[in-house]
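First the structure, in the form of structure tokens, and then the observations on it.
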Amino acid sequence: DAGVTQSPTHLIKTRGQQVTLRCSPKSGHDTVSWYQQALGQGPQFIFQYYEEEERQRGNFPDRFSGHQFPNYSSELNVNALLLGDSALYLCASSLVRRGASDTQYFGPGTRLTVL
Amino acid sequence: AQSVTQLGSHVSVSEGALVLLRCNYSSSVPPYLFWYVQYPNQGLQLLLKYTSAATLVKGINGFEAEFKKSETSFHLTKPSAHMSDAAEYFCAVSDPVGKLIFGQGTELSVKP
């Protein structure tokens with residue numbers, strides 16, 4: 001049973017560029033959440049997708065956008081990159097019918113460095 | 001709104017000693033609480049969670065946590081630390097839609 005997978009593992013971009021990160025949820029899961037973890041900090045919620053719709057959004061600017069596909073995989077897009085966007089981006093999957101108590105399973109993350 | 005505070009950004013114990021990592025939460029509704037562990041350059045792994053059943057929750061690798069509503073706490077303990085327990089530990093509370101709100105994390109060091 002494959003867990004949550006993310007690609008790429010590492011990414012280096014320059015300021016102003018755009019980036020796309022990808023996530024495949026754990027088998028059987030239908031909900032994908034994205035988190036940003038800056039160095040030395042706890043993860044911060046970016047948004048959550050279910051049924052290809054953004055279900056909830058954290059306090060992130062519109063430069064951060066996402067998408068969920070019919071197979072439940074998801075993409076996170078960040079436009080006009082800033083130095084402060086350098087972080088580990090984590091994807092987590094869960095089952096919406098289990099509600100807020102359901103365990104979110106995390107992928108290994110994508111380390112984004114903005115120069 | 002929910003929030004989590006982890007007391008102590010760094011905790012150091014000797015191998016075989018008790019591990020105690022502190023977490024206090026704030027929530028306007030009955031909370032769902034989680035402890036995750038993160039090893040260097042890896043994602044987060046669930047240790048245990050509280051979902052309003054038993055107040056003493058047992059998790060993986062010998063960890064357990066006790067939910068105390070009167071103290072709004074959910075501290076993580078392990079009777080005997082092992083070198084492999086050295087990692088970053090995060091306490092989190094879930095909002096009603098399933099958004100996780102994390103604390104700042106506690107780095108656990110284990111001395112031989």
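Please note that chains go A, B, ... in the order of the structure tokens, that every chain numbers its residues from 1, and that ligands are numbered from 1 in the order shown.
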Skipping near chain neighbours, those fewer than 3 positions away, what residues fall within 9 Å of Thr72 in chain B using only C-alpha atoms, listed as a PyMOL selection string? chain B and resi 23-27+67-69
Residue contacts of Leu115 in chain A (12 Å, only C-alpha atoms) excluding same-chain residues fewer than 6 positions away, as a PDB file with N, CA and C atoms, in the first residue's frame:
```pdb
ATOM      1  N   LEU A  11      14.038  21.381  -5.032  1.00  0.00           N
ATOM      2  CA  LEU A  11      13.826  22.296  -6.139  1.00  0.00           C
ATOM      3  C   LEU A  11      14.524  23.612  -5.817  1.00  0.00           C
ATOM      4  N   ILE A  12      15.251  24.141  -6.780  1.00  0.00           N
ATOM      5  CA  ILE A  12      15.876  25.452  -6.609  1.00  0.00           C
ATOM      6  C   ILE A  12      15.340  26.388  -7.688  1.00  0.00           C
ATOM      7  N   LYS A  13      14.820  27.525  -7.260  1.00  0.00           N
ATOM      8  CA  LYS A  13      14.261  28.510  -8.177  1.00  0.00           C
ATOM      9  C   LYS A  13      14.840  29.881  -7.825  1.00  0.00           C
ATOM     10  N   THR A  14      14.647  30.825  -8.733  1.00  0.00           N
ATOM     11  CA  THR A  14      15.049  32.197  -8.459  1.00  0.00           C
ATOM     12  C   THR A  14      13.805  33.059  -8.236  1.00  0.00           C
ATOM     13  N   ARG A  15      14.016  34.177  -7.586  1.00  0.00           N
ATOM     14  CA  ARG A  15      12.916  35.099  -7.303  1.00  0.00           C
ATOM     15  C   ARG A  15      12.146  35.456  -8.577  1.00  0.00           C
ATOM     16  N   GLY A  16      10.824  35.483  -8.455  1.00  0.00           N
ATOM     17  CA  GLY A  16       9.981  35.847  -9.575  1.00  0.00           C
ATOM     18  C   GLY A  16       9.514  34.675 -10.420  1.00  0.00           C
ATOM     19  N   GLN A  17      10.188  33.541 -10.271  1.00  0.00           N
ATOM     20  CA  GLN A  17       9.779  32.376 -11.047  1.00  0.00           C
ATOM     21  C   GLN A  17       8.521  31.737 -10.467  1.00  0.00           C
ATOM     22  N   LEU A  81       7.764  33.916  -7.099  1.00  0.00           N
ATOM     23  CA  LEU A  81       8.434  33.430  -5.898  1.00  0.00           C
ATOM     24  C   LEU A  81       9.220  34.527  -5.186  1.00  0.00           C
ATOM     25  N   LEU A  82       9.135  34.475  -3.868  1.00  0.00           N
ATOM     26  CA  LEU A  82       9.890  35.362  -2.989  1.00  0.00           C
ATOM     27  C   LEU A  82      10.898  34.533  -2.189  1.00  0.00           C
ATOM     28  N   LEU A  83      11.932  35.213  -1.684  1.00  0.00           N
ATOM     29  CA  LEU A  83      12.904  34.494  -0.860  1.00  0.00           C
ATOM     30  C   LEU A  83      12.217  33.802   0.315  1.00  0.00           C
ATOM     31  N   GLY A  84      11.202  34.438   0.857  1.00  0.00           N
ATOM     32  CA  GLY A  84      10.488  33.902   2.012  1.00  0.00           C
ATOM     33  C   GLY A  84       9.653  32.665   1.715  1.00  0.00           C
ATOM     34  N   ASP A  85       9.554  32.300   0.438  1.00  0.00           N
ATOM     35  CA  ASP A  85       8.817  31.083   0.096  1.00  0.00           C
ATOM     36  C   ASP A  85       9.696  29.843   0.262  1.00  0.00           C
ATOM     37  N   SER A  86      10.963  30.029   0.535  1.00  0.00           N
ATOM     38  CA  SER A  86      11.861  28.893   0.775  1.00  0.00           C
ATOM     39  C   SER A  86      11.377  28.133   2.002  1.00  0.00           C
TER      40      SER A  86
END
```
In range 21-58 of chain A, DSSP strand (DSSP E) residues written as an MDAnalysis selection string: chainID A and resid 21:24 31:37 44:50 53:57
With distances taken over only C-alpha atoms, the candidate from A:Gln18, A:Thr9, A:Gln41, A:Ser101 nearest Pro31 in chain B is A:Ser101
For chain B, report every residue with an atom at most 9 Å from chain A (counting only C-alpha atoms), formatted as a VMD selection string. chain B and resid 31 to 34 41 to 46 49 to 51 90 94 to 105
